[in-house]
file query05.cif (mmCIF, C-alpha atoms)
data_entry
loop_
_atom_site.label_atom_id
_atom_site.label_comp_id
_atom_site.auth_asym_id
_atom_site.auth_seq_id
_atom_site.Cartn_x
_atom_site.Cartn_y
_atom_site.Cartn_z
CA MET A 62 54.05 -11.42 -60.67
CA HIS A 63 50.57 -12.87 -60.94
CA ARG A 64 49.52 -16.50 -60.79
CA ASN A 65 49.29 -17.78 -64.34
CA LEU A 66 46.83 -20.64 -64.50
CA ILE A 67 47.43 -21.21 -68.19
CA ALA A 68 51.03 -22.32 -67.89
CA ALA A 69 52.98 -24.15 -70.53
CA ALA A 70 52.08 -27.61 -69.33
CA ALA A 71 50.20 -30.67 -70.45
CA ALA A 72 46.50 -30.12 -71.01
CA CYS A 73 45.45 -32.39 -68.17
CA THR A 74 47.76 -30.63 -65.73
CA THR A 75 46.43 -27.26 -66.82
CA ALA A 76 42.85 -28.44 -66.32
CA PHE A 77 43.67 -29.70 -62.85
CA ILE A 78 45.28 -26.39 -61.86
CA ALA A 79 42.37 -24.41 -63.25
CA THR A 80 39.88 -26.52 -61.30
CA THR A 81 41.66 -26.39 -57.96
CA SER A 82 42.58 -22.72 -58.25
CA ALA A 83 38.90 -21.79 -58.29
CA PHE A 84 38.98 -22.60 -54.60
CA ALA A 85 42.23 -20.71 -54.03
CA HIS A 86 41.04 -17.15 -54.61
CA VAL A 87 41.10 -14.60 -51.83
CA SER A 88 37.48 -14.24 -50.75
CA LEU A 89 35.18 -13.06 -47.97
CA VAL A 90 33.99 -15.71 -45.54
CA GLU A 91 30.53 -14.07 -45.48
CA ARG A 92 29.58 -12.86 -48.97
CA GLU A 93 26.20 -11.28 -48.17
CA ALA A 94 25.29 -8.65 -45.58
CA ALA A 95 22.39 -6.35 -44.77
CA PRO A 96 23.03 -2.64 -44.19
CA GLY A 97 24.50 -2.09 -40.73
CA SER A 98 27.45 -3.32 -38.71
CA PHE A 99 29.47 -6.05 -40.44
CA LYS A 100 32.67 -7.98 -39.82
CA ALA A 101 34.44 -8.60 -43.11
CA VAL A 102 36.69 -11.65 -42.79
CA LEU A 103 39.09 -11.99 -45.72
CA ALA A 104 40.27 -15.54 -46.29
CA ILE A 105 43.81 -15.70 -47.71
CA PRO A 106 44.29 -19.33 -48.80
CA HIS A 107 48.00 -19.14 -49.66
CA GLY A 108 51.02 -16.90 -50.08
CA CYS A 109 52.35 -15.96 -53.50
CA GLU A 110 53.44 -18.51 -56.04
CA GLY A 111 56.04 -20.35 -53.98
CA GLU A 112 56.76 -17.35 -51.76
CA ALA A 113 55.51 -16.06 -48.43
CA THR A 114 53.26 -13.00 -48.28
CA ASN A 115 54.61 -10.21 -46.07
CA VAL A 116 52.05 -7.48 -46.78
CA VAL A 117 48.28 -7.79 -47.25
CA GLU A 118 46.75 -4.64 -48.74
CA VAL A 119 42.98 -4.15 -48.85
CA ARG A 120 41.30 -1.26 -50.64
CA ILE A 121 38.03 -0.40 -48.90
CA PRO A 122 35.07 -0.15 -51.30
CA GLU A 123 32.65 2.77 -51.35
CA GLY A 124 29.68 1.79 -49.20
CA PHE A 125 31.71 0.10 -46.45
CA VAL A 126 32.39 2.84 -43.91
CA SER A 127 33.70 3.46 -40.37
CA VAL A 128 36.28 0.74 -40.94
CA LYS A 129 38.53 -0.59 -38.17
CA PRO A 130 41.02 -3.39 -38.88
CA MET A 131 41.59 -6.15 -36.33
CA PRO A 132 45.19 -6.38 -35.05
CA LYS A 133 47.11 -9.58 -35.76
CA ALA A 134 50.04 -10.91 -33.77
CA GLY A 135 53.27 -10.44 -35.72
CA TRP A 136 51.78 -7.88 -38.12
CA THR A 137 51.62 -4.08 -37.96
CA ILE A 138 48.74 -2.07 -39.40
CA THR A 139 48.89 1.09 -41.50
CA MET A 140 45.83 2.92 -42.82
CA GLU A 141 45.22 5.54 -45.48
CA ASN A 142 42.24 7.87 -45.03
CA GLY A 143 40.30 9.79 -47.64
CA ASP A 144 36.92 11.23 -48.60
CA TYR A 145 33.95 9.07 -49.51
CA GLU A 146 32.09 9.77 -52.74
CA LYS A 147 29.04 10.74 -50.69
CA THR A 148 27.97 11.30 -47.08
CA TYR A 149 26.59 8.41 -45.02
CA THR A 150 24.60 8.35 -41.77
CA VAL A 151 25.87 5.80 -39.24
CA HIS A 152 24.44 5.56 -35.71
CA GLY A 153 22.88 8.99 -36.15
CA HIS A 154 26.10 10.68 -37.25
CA GLU A 155 26.96 11.89 -40.75
CA ILE A 156 30.35 10.79 -42.04
CA SER A 157 31.98 11.75 -45.31
CA SER A 158 35.49 10.36 -44.92
CA GLY A 159 37.30 7.44 -43.39
CA VAL A 160 39.69 4.57 -43.97
CA LYS A 161 40.26 3.87 -47.67
CA VAL A 162 43.22 1.44 -47.57
CA VAL A 163 44.39 -0.98 -44.86
CA LYS A 164 47.74 -2.77 -44.87
CA TRP A 165 48.89 -5.56 -42.58
CA GLU A 166 52.70 -5.54 -42.84
CA GLY A 167 55.76 -7.33 -41.49
CA GLY A 168 54.19 -10.73 -40.90
CA THR A 169 54.68 -13.99 -42.78
CA LEU A 170 52.03 -16.04 -44.57
CA GLU A 171 53.78 -19.01 -46.13
CA ASP A 172 52.58 -20.21 -49.51
CA ALA A 173 51.42 -23.48 -47.97
CA HIS A 174 49.44 -21.79 -45.18
CA TYR A 175 46.01 -20.17 -44.78
CA ASP A 176 45.11 -17.07 -42.76
CA GLU A 177 42.28 -14.58 -42.18
CA PHE A 178 42.37 -10.78 -41.96
CA VAL A 179 39.45 -8.94 -40.37
CA LEU A 180 37.85 -5.55 -40.95
CA ARG A 181 34.99 -4.19 -38.88
CA GLY A 182 32.75 -1.51 -40.37
CA SER A 183 29.26 -0.58 -41.49
CA VAL A 184 27.57 -1.56 -44.74
CA ALA A 185 25.90 1.61 -45.98
CA GLY A 186 24.95 0.82 -49.58
CA GLU A 187 21.66 -0.14 -51.17
CA PRO A 188 20.44 -3.77 -51.36
CA GLY A 189 21.57 -5.39 -54.59
CA THR A 190 24.85 -3.47 -54.66
CA VAL A 191 28.06 -5.51 -54.88
CA LEU A 192 31.11 -4.19 -52.99
CA TYR A 193 34.56 -5.26 -54.18
CA PHE A 194 37.39 -5.48 -51.65
CA ASP A 195 40.41 -5.21 -53.96
CA THR A 196 43.22 -7.14 -52.27
CA VAL A 197 46.94 -7.30 -53.07
CA GLN A 198 49.43 -9.72 -51.53
CA HIS A 199 52.98 -8.34 -51.52
CA CYS A 200 55.80 -10.87 -51.62
CA ALA A 201 59.58 -10.78 -52.04
CA SER A 202 59.51 -10.98 -55.86
CA GLY A 203 56.25 -9.27 -56.68
CA THR A 204 52.54 -9.28 -55.95
CA GLU A 205 49.49 -11.49 -56.13
CA GLU A 206 46.59 -9.25 -57.15
CA TRP A 207 42.88 -9.91 -56.58
CA VAL A 208 41.45 -6.74 -58.10
CA GLN A 209 39.40 -7.76 -61.15
CA HIS A 210 35.67 -6.98 -61.24
CA PRO A 211 33.37 -8.98 -63.53
CA ALA A 212 31.48 -7.28 -66.30
CA GLU A 213 27.70 -7.32 -66.13
CA GLY A 214 26.53 -10.91 -66.50
CA GLN A 215 30.05 -12.33 -66.35
CA ASP A 216 30.89 -15.23 -64.05
CA PRO A 217 33.58 -14.03 -61.57
CA HIS A 218 35.18 -17.48 -61.77
CA GLU A 219 36.20 -16.68 -65.33
CA LEU A 220 38.57 -14.02 -64.01
CA GLU A 221 42.17 -14.81 -63.20
CA GLY A 222 42.31 -12.53 -60.14
CA PRO A 223 38.72 -11.77 -59.00
CA ALA A 224 38.35 -9.29 -56.17
CA PRO A 225 36.60 -10.54 -53.01
CA SER A 226 32.98 -9.38 -53.19
CA LEU A 227 30.14 -8.63 -50.79
CA THR A 228 26.53 -8.43 -51.97
CA ILE A 229 24.25 -6.15 -49.94
CA VAL A 230 20.89 -7.76 -49.16
CA ALA A 231 17.72 -6.38 -47.60
CA GLY A 232 17.69 -6.42 -43.82
CA ASN A 233 15.12 -8.13 -41.59
CA ASP A 234 14.41 -6.08 -38.48
CA SER A 235 12.55 -8.87 -36.72
CA HIS A 236 15.56 -11.10 -37.16
CA ALA A 237 17.66 -8.86 -34.96
CA HIS A 238 15.02 -8.03 -32.37
CA HIS A 239 13.53 -11.46 -31.84
CA GLY A 240 16.54 -13.67 -32.39
CA HIS A 241 15.07 -16.18 -34.82
CA GLY A 242 17.40 -18.62 -36.52
CA ALA A 243 20.78 -19.92 -35.40
CA PRO A 244 22.63 -18.86 -32.26
CA GLY A 245 24.49 -16.33 -34.35
CA ALA A 246 21.33 -14.36 -35.08
CA GLU A 247 22.82 -11.35 -33.29
CA ALA A 248 26.16 -11.61 -35.10
CA GLY A 249 27.21 -8.18 -36.25
CA LEU A 250 26.05 -6.32 -33.12
CA SER A 251 28.78 -4.16 -31.64
CA ALA A 252 29.59 -1.66 -28.91
CA GLY A 253 32.58 0.53 -29.70
CA SER A 254 35.41 -1.83 -30.58
CA ILE A 255 33.62 -4.88 -29.09
CA SER A 256 31.89 -7.20 -31.55
CA ILE A 257 29.18 -9.40 -30.01
CA GLU A 258 28.55 -12.67 -31.79
CA GLU A 259 26.66 -15.97 -31.46
CA PRO A 260 24.43 -15.05 -28.49
CA TRP A 261 21.98 -17.66 -27.23
CA ALA A 262 20.27 -18.89 -24.07
CA ARG A 263 19.07 -22.37 -23.14
CA ALA A 264 15.44 -23.18 -22.39
CA MET A 265 14.80 -23.84 -18.70
CA LEU A 266 12.73 -26.43 -16.87
CA PRO A 267 9.73 -25.35 -14.75
CA GLY A 268 10.86 -24.25 -11.30
CA GLN A 269 14.50 -23.87 -12.33
CA PRO A 270 15.81 -20.71 -10.59
CA ALA A 271 18.82 -19.94 -12.81
CA GLY A 272 19.33 -19.92 -16.56
CA GLY A 273 22.44 -20.15 -18.72
CA ALA A 274 23.44 -18.15 -21.78
CA TRP A 275 26.46 -17.78 -24.06
CA ILE A 276 28.01 -15.05 -26.24
CA ASN A 277 31.34 -14.44 -27.96
CA LEU A 278 33.12 -11.09 -27.57
CA THR A 279 35.78 -9.91 -30.05
CA ASN A 280 37.85 -6.79 -29.40
CA ILE A 281 38.78 -5.22 -32.74
CA GLY A 282 40.36 -2.21 -31.05
CA GLU A 283 43.93 -1.56 -29.99
CA GLU A 284 43.22 -1.35 -26.24
CA ASP A 285 41.94 -3.97 -23.80
CA ASP A 286 38.41 -3.50 -22.49
CA ARG A 287 36.49 -4.97 -19.56
CA LEU A 288 32.92 -6.19 -19.19
CA ILE A 289 32.02 -4.43 -15.94
CA SER A 290 28.27 -4.94 -15.69
CA LEU A 291 25.45 -7.21 -16.87
CA SER A 292 21.73 -6.81 -16.23
CA SER A 293 18.38 -8.09 -17.45
CA PRO A 294 14.79 -7.23 -16.54
CA VAL A 295 14.01 -10.96 -16.33
CA ALA A 296 16.56 -11.81 -13.62
CA GLU A 297 17.59 -10.41 -10.25
CA LYS A 298 21.26 -10.66 -11.21
CA VAL A 299 23.39 -11.69 -14.20
CA GLU A 300 26.96 -12.92 -13.69
CA VAL A 301 29.82 -14.37 -15.70
CA HIS A 302 30.55 -17.87 -14.40
CA MET A 303 33.27 -20.41 -15.03
CA MET A 304 32.57 -24.13 -14.99
CA GLU A 305 35.52 -26.34 -14.04
CA VAL A 306 36.38 -29.68 -12.47
CA VAL A 307 37.78 -29.52 -8.93
CA ASN A 308 38.68 -32.82 -7.21
CA ASP A 309 36.68 -34.74 -9.82
CA VAL A 310 33.59 -32.62 -9.09
CA MET A 311 32.09 -30.26 -11.66
CA THR A 312 31.70 -26.83 -10.06
CA MET A 313 30.61 -23.37 -11.13
CA ARG A 314 31.75 -20.10 -9.66
CA PRO A 315 31.33 -16.43 -10.60
CA LEU A 316 34.39 -14.59 -11.86
CA GLU A 317 35.91 -12.54 -9.05
CA ASP A 318 37.05 -9.76 -11.39
CA ALA A 319 35.58 -8.09 -14.46
CA LEU A 320 35.92 -10.10 -17.67
CA VAL A 321 38.82 -8.75 -19.74
CA VAL A 322 38.44 -8.66 -23.53
CA THR A 323 42.00 -8.36 -24.82
CA ALA A 324 42.70 -6.21 -27.90
CA GLY A 325 42.71 -8.30 -31.06
CA GLU A 326 41.35 -11.40 -29.33
CA THR A 327 38.03 -13.19 -28.83
CA VAL A 328 36.48 -14.37 -25.57
CA LYS A 329 34.51 -17.50 -26.46
CA MET A 330 31.83 -18.89 -24.17
CA ASP A 331 30.63 -22.46 -24.45
CA PRO A 332 28.74 -25.06 -22.42
CA GLY A 333 31.17 -26.65 -20.01
CA GLY A 334 33.26 -23.49 -19.68
CA LEU A 335 32.76 -19.76 -19.48
CA HIS A 336 29.09 -18.70 -19.58
CA LEU A 337 26.47 -16.25 -18.30
CA MET A 338 24.16 -17.08 -15.41
CA PHE A 339 20.78 -15.38 -14.95
CA MET A 340 20.02 -15.66 -11.22
CA LYS A 341 16.48 -15.77 -9.79
CA VAL A 342 14.70 -15.39 -13.10
CA THR A 343 11.15 -14.07 -13.14
CA GLU A 344 10.05 -17.04 -15.24
CA PRO A 345 11.85 -19.89 -17.04
CA PHE A 346 13.24 -19.19 -20.48
CA LYS A 347 11.05 -20.73 -23.20
CA GLU A 348 12.29 -22.16 -26.47
CA GLY A 349 11.62 -19.86 -29.42
CA GLU A 350 11.44 -16.70 -27.31
CA SER A 351 14.26 -14.29 -26.52
CA VAL A 352 15.97 -12.98 -23.40
CA PRO A 353 16.91 -9.29 -23.07
CA LEU A 354 20.41 -8.50 -21.83
CA THR A 355 22.36 -5.29 -21.28
CA LEU A 356 26.15 -5.37 -21.30
CA GLU A 357 28.31 -2.49 -20.08
CA PHE A 358 31.98 -2.23 -21.01
CA GLU A 359 34.52 0.02 -19.37
CA LYS A 360 35.48 1.70 -22.67
CA ALA A 361 32.86 0.62 -25.22
CA GLY A 362 29.89 1.56 -23.02
CA LYS A 363 26.47 -0.07 -22.94
CA VAL A 364 24.79 -2.26 -25.53
CA GLU A 365 21.43 -4.03 -25.46
CA LEU A 366 20.70 -7.30 -27.23
CA GLU A 367 18.26 -10.19 -27.39
CA LEU A 368 19.41 -13.77 -26.86
CA PRO A 369 17.40 -16.37 -28.81
CA VAL A 370 16.32 -19.25 -26.58
CA LYS A 371 17.36 -22.68 -27.83
CA PRO A 372 16.08 -26.13 -26.74
CA ALA A 373 16.93 -27.37 -23.25
CA ASN A 374 19.26 -30.01 -24.74
CA TYR A 375 20.98 -27.62 -27.16
CA GLY A 376 24.78 -27.83 -26.97
CA ARG A 377 26.55 -29.77 -24.28
CA GLY A 378 26.28 -29.59 -20.52
CA SER A 379 23.47 -27.73 -18.80
CA GLY A 380 22.79 -24.05 -18.31
CA GLY A 381 21.08 -24.36 -14.93
CA HIS A 382 23.23 -26.49 -12.63
CA ASP A 383 23.17 -26.07 -8.88
CA HIS A 384 26.29 -24.29 -7.65
CA LYS A 385 29.01 -26.23 -5.84
CA HIS A 386 31.33 -23.86 -4.02
#
call {"tool": "encode", "arguments": {"input": "query05.cif", "output": "structure tokens"}}
result
Amino acid sequence: MHRNLIAAAAACTTAFIATTSAFAHVSLVEREAAPGSFKAVLAIPHGCEGEATNVVEVRIPEGFVSVKPMPKAGWTITMENGDYEKTYTVHGHEISSGVKVVKWEGGTLEDAHYDEFVLRGSVAGEPGTVLYFDTVQHCASGTEEWVQHPAEGQDPHELEGPAPSLTIVAGNDSHAHHGHGAPGAEAGLSAGSISIEEPWARAMLPGQPAGGAWINLTNIGEEDDRLISLSSPVAEKVEVHMMEVVNDVMTMRPLEDALVVTAGETVKMDPGGLHLMFMKVTEPFKEGESVPLTLEFEKAGKVELELPVKPANYGRGSGGHDHKH
């Protein structure tokens, strides 16, 4: 069973369906990526034609390697492994085989609902290459298939069931090391099963002793992990703090225990809530520069990153409040 846009209907109805269905294809949220670590988020905008989807099958393209699927509540994951067409070097190690097919099974995606399915891996192809993530939705009465690849020069929108695609673009080393651009400049950095996204720090005022910073941590593994240590050469100490209102007074306090990153979930930090505090900094953070930070996880190990410094009024709240205990 495949969605048939050209149904036996009035011409105006057919035109309307054809127009709206262009926005109803399964697709990748991010459709370009440089070689390196990448989180492929597949957007599934509906179930089958009037039926719920119970299995989402994704065939991993050549050039996307070391794949790990993110668990989803209510769904089980099965994977099929196989050999790659060639050998790739990832993080200094040569790999020639890995996950070729991922299936999320046993859940329910109603036809009227939207959901996302996530794969973490490494883009290992050459810039200009297009990777196609053939995707099949399995339903009670059949399948909804998104497996068609356009011919050279063909518009993918002309296809009835275009496969989600990812175009590999040239990387920019300075982008990763110096943190230019949006707070998500470090998106794609990972340590083991921990994906580190949207890191940023706030510019400080002269004489301010402590600076604030924020990151998001996603655990794509099957086991919980813990953030057990933070350090930076520009601060005497780095801690995870929680901001909260106690007796109508805004207070901040360090977490008493290590921060737990639960399997399949994301720890989101934001001004006014969970955040990082750099204590007794060597000099105030300056807008446009970057702040080095080392994170150590119990299972994933250590990872170093740079946090781009945003304006002092960026976001809400303030990154350098005095503590009220």
call {"tool": "residues_around", "arguments": {"input": "query05.cif", "residues": "segment 281-291 of chain A", "least_positions_apart": "5", "cutoff": "12 Å", "atoms": "only C-alpha atoms", "output": "ChimeraX atom specification"}}
result
/A:100-101,128-134,137-138,178-182,251-257,296-301,316-328,337-340,353-366
call {"tool": "residues_around", "arguments": {"input": "query05.cif", "residues": "Glu205 of chain A", "least_positions_apart": "4", "cutoff": "10 Å", "atoms": "only C-alpha atoms", "output": "PyMOL selection string"}}
result
chain A and resi 62-64+87+108-110+114+117+196-200+222
call {"tool": "write_last_selection", "arguments": {"input": "query05.cif", "atoms": "C-alpha atoms", "output": "PDB file, keeping the file's coordinate frame"}}
result
ATOM      1  CA  MET A  62      54.050 -11.420 -60.670  1.00  0.00           C
ATOM      2  CA  HIS A  63      50.570 -12.870 -60.940  1.00  0.00           C
ATOM      3  CA  ARG A  64      49.520 -16.500 -60.790  1.00  0.00           C
ATOM      4  CA  VAL A  87      41.100 -14.600 -51.830  1.00  0.00           C
ATOM      5  CA  GLY A 108      51.020 -16.900 -50.080  1.00  0.00           C
ATOM      6  CA  CYS A 109      52.350 -15.960 -53.500  1.00  0.00           C
ATOM      7  CA  GLU A 110      53.440 -18.510 -56.040  1.00  0.00           C
ATOM      8  CA  THR A 114      53.260 -13.000 -48.280  1.00  0.00           C
ATOM      9  CA  VAL A 117      48.280  -7.790 -47.250  1.00  0.00           C
ATOM     10  CA  THR A 196      43.220  -7.140 -52.270  1.00  0.00           C
ATOM     11  CA  VAL A 197      46.940  -7.300 -53.070  1.00  0.00           C
ATOM     12  CA  GLN A 198      49.430  -9.720 -51.530  1.00  0.00           C
ATOM     13  CA  HIS A 199      52.980  -8.340 -51.520  1.00  0.00           C
ATOM     14  CA  CYS A 200      55.800 -10.870 -51.620  1.00  0.00           C
ATOM     15  CA  GLY A 222      42.310 -12.530 -60.140  1.00  0.00           C
TER      16      GLY A 222
END
call {"tool": "axis_aligned_box", "arguments": {"input": "query05.cif", "around": "segment 145-157 of chain A", "padding_each_side": "6 Å", "output": "JSON"}}
result
{"center_x": 28.4, "center_y": 8.7, "center_z": -44.2, "size_x": 23.1, "size_y": 18.3, "size_z": 29.0}
call {"tool": "resolve_selection", "arguments": {"input": "query05.cif", "expression": "the PyMOL selection byres ((chain A and resi 228) around 8)", "output": "compact mmCIF listing (two decimals) with C-alpha atoms, in the coordinates of the input"}}
result
# COMPACT_ATOMS: atom_id res chain seq x y z
CA ARG A 92 29.58 -12.86 -48.97
CA GLU A 93 26.20 -11.28 -48.17
CA ALA A 94 25.29 -8.65 -45.58
CA PRO A 188 20.44 -3.77 -51.36
CA GLY A 189 21.57 -5.39 -54.59
CA THR A 190 24.85 -3.47 -54.66
CA VAL A 191 28.06 -5.51 -54.88
CA LEU A 192 31.11 -4.19 -52.99
CA SER A 226 32.98 -9.38 -53.19
CA LEU A 227 30.14 -8.63 -50.79
CA ILE A 229 24.25 -6.15 -49.94
CA VAL A 230 20.89 -7.76 -49.16
call {"tool": "closest_residue", "arguments": {"input": "query05.cif", "among": "A:Gly273, A:Gly214, A:Pro294, A:Gly97", "to": "Met313 of chain A", "atoms": "only C-alpha atoms"}}
result
A:Gly273
call {"tool": "closest_residue", "arguments": {"input": "query05.cif", "among": "A:Glu213, A:Asp144, A:Glu112, A:Glu187", "to": "Asp172 of chain A", "atoms": "all atoms listed in the file"}}
result
A:Glu112
call {"tool": "resolve_selection", "arguments": {"input": "query05.cif", "expression": "the PyMOL selection byres ((chain A and resi 329) around 9)", "output": "count of residues only"}}
result
11
call {"tool": "atom_distance", "arguments": {"input": "query05.cif", "atom1": "atom CA of Ala104 of chain A", "atom2": "atom CA of Val126 of chain A"}}
result
20.1 Å
call {"tool": "atom_distance", "arguments": {"input": "query05.cif", "atom1": "atom CA of Val90 of chain A", "atom2": "atom CA of Leu103 of chain A"}}
result
6.3 Å
call {"tool": "atom_distance", "arguments": {"input": "query05.cif", "atom1": "atom CA of Glu219 of chain A", "atom2": "atom CA of His86 of chain A"}}
result
11.8 Å
call {"tool": "closest_residue", "arguments": {"input": "query05.cif", "among": "A:Ala274, A:Ile121, A:Val102, A:Leu220", "to": "Val160 of chain A", "atoms": "all atoms listed in the file"}}
result
A:Ile121
call {"tool": "residues_around", "arguments": {"input": "query05.cif", "residues": "Gln269 of chain A", "least_positions_apart": "2", "cutoff": "9 Å", "atoms": "only C-alpha atoms", "output": "number ranges by chain"}}
result
A: 265-267, 271-272, 341-342, 344-345, 381
call {"tool": "closest_residue", "arguments": {"input": "query05.cif", "among": "A:Glu258, A:Glu206, A:Glu305, A:Asp176", "to": "Leu368 of chain A", "atoms": "all atoms listed in the file"}}
result
A:Glu258
call {"tool": "resolve_selection", "arguments": {"input": "query05.cif", "expression": "the PyMOL selection byres ((chain A and resi 145) around 8)", "output": "number ranges by chain"}}
result
A: 123, 143-144, 146-148, 157-159
call {"tool": "decode", "arguments": {"input": "query05.cif", "residues": "segment 105-128 of chain A", "atoms": "N, CA and C atoms", "output": "mmCIF file, in the first residue's frame"}}
result
data_model
loop_
_atom_site.group_PDB
_atom_site.id
_atom_site.type_symbol
_atom_site.label_atom_id
_atom_site.label_comp_id
_atom_site.auth_asym_id
_atom_site.auth_seq_id
_atom_site.Cartn_x
_atom_site.Cartn_y
_atom_site.Cartn_z
ATOM 1 N N ILE A 105 8.900 11.924 10.876
ATOM 2 C CA ILE A 105 7.806 11.115 10.327
ATOM 3 C C ILE A 105 6.517 11.904 10.541
ATOM 4 N N PRO A 106 5.971 12.536 9.503
ATOM 5 C CA PRO A 106 4.857 13.468 9.684
ATOM 6 C C PRO A 106 3.486 12.829 9.836
ATOM 7 N N HIS A 107 3.396 11.518 9.666
ATOM 8 C CA HIS A 107 2.081 10.865 9.756
ATOM 9 C C HIS A 107 2.274 9.360 9.774
ATOM 10 N N GLY A 108 1.190 8.630 10.025
ATOM 11 C CA GLY A 108 1.223 7.180 9.918
ATOM 12 C C GLY A 108 1.025 6.785 8.469
ATOM 13 N N CYS A 109 0.381 5.650 8.238
ATOM 14 C CA CYS A 109 0.038 5.270 6.865
ATOM 15 C C CYS A 109 -1.290 5.932 6.503
ATOM 16 N N GLU A 110 -1.783 5.625 5.360
ATOM 17 C CA GLU A 110 -3.005 6.261 4.883
ATOM 18 C C GLU A 110 -4.198 5.798 5.717
ATOM 19 N N GLY A 111 -4.465 6.533 6.784
ATOM 20 C CA GLY A 111 -5.586 6.204 7.659
ATOM 21 C C GLY A 111 -5.261 5.188 8.727
ATOM 22 N N GLU A 112 -4.033 4.691 8.766
ATOM 23 C CA GLU A 112 -3.650 3.683 9.744
ATOM 24 C C GLU A 112 -2.427 4.130 10.537
ATOM 25 N N ALA A 113 -2.283 3.551 11.729
ATOM 26 C CA ALA A 113 -1.114 3.838 12.549
ATOM 27 C C ALA A 113 0.090 3.053 12.037
ATOM 28 N N THR A 114 1.271 3.650 12.202
ATOM 29 C CA THR A 114 2.525 2.964 11.893
ATOM 30 C C THR A 114 3.002 2.247 13.145
ATOM 31 N N ASN A 115 3.386 0.981 13.000
ATOM 32 C CA ASN A 115 3.863 0.188 14.135
ATOM 33 C C ASN A 115 5.327 -0.208 14.016
ATOM 34 N N VAL A 116 5.892 -0.054 12.808
ATOM 35 C CA VAL A 116 7.314 -0.326 12.598
ATOM 36 C C VAL A 116 7.877 0.759 11.691
ATOM 37 N N VAL A 117 9.021 1.330 12.089
ATOM 38 C CA VAL A 117 9.742 2.274 11.243
ATOM 39 C C VAL A 117 11.086 1.638 10.915
ATOM 40 N N GLU A 118 11.301 1.368 9.632
ATOM 41 C CA GLU A 118 12.525 0.700 9.171
ATOM 42 C C GLU A 118 13.374 1.694 8.385
ATOM 43 N N VAL A 119 14.639 1.818 8.779
ATOM 44 C CA VAL A 119 15.556 2.734 8.102
ATOM 45 C C VAL A 119 16.763 1.950 7.607
ATOM 46 N N ARG A 120 17.050 2.077 6.314
ATOM 47 C CA ARG A 120 18.213 1.421 5.725
ATOM 48 C C ARG A 120 19.363 2.428 5.683
ATOM 49 N N ILE A 121 20.448 2.096 6.357
ATOM 50 C CA ILE A 121 21.557 3.034 6.528
ATOM 51 C C ILE A 121 22.354 3.147 5.233
ATOM 52 N N PRO A 122 22.572 4.346 4.724
ATOM 53 C CA PRO A 122 23.305 4.495 3.459
ATOM 54 C C PRO A 122 24.804 4.307 3.643
ATOM 55 N N GLU A 123 25.468 3.870 2.595
ATOM 56 C CA GLU A 123 26.925 3.812 2.586
ATOM 57 C C GLU A 123 27.463 5.222 2.788
ATOM 58 N N GLY A 124 28.430 5.352 3.699
ATOM 59 C CA GLY A 124 28.969 6.674 4.005
ATOM 60 C C GLY A 124 28.456 7.242 5.314
ATOM 61 N N PHE A 125 27.510 6.558 5.954
ATOM 62 C CA PHE A 125 27.066 6.937 7.299
ATOM 63 C C PHE A 125 27.364 5.728 8.184
ATOM 64 N N VAL A 126 28.391 5.843 9.018
ATOM 65 C CA VAL A 126 28.941 4.677 9.700
ATOM 66 C C VAL A 126 28.874 4.829 11.224
ATOM 67 N N SER A 127 29.235 3.742 11.916
ATOM 68 C CA SER A 127 29.235 3.715 13.388
ATOM 69 C C SER A 127 27.890 4.165 13.943
ATOM 70 N N VAL A 128 26.827 3.623 13.380
ATOM 71 C CA VAL A 128 25.469 4.081 13.696
ATOM 72 C C VAL A 128 24.968 3.494 15.014
#
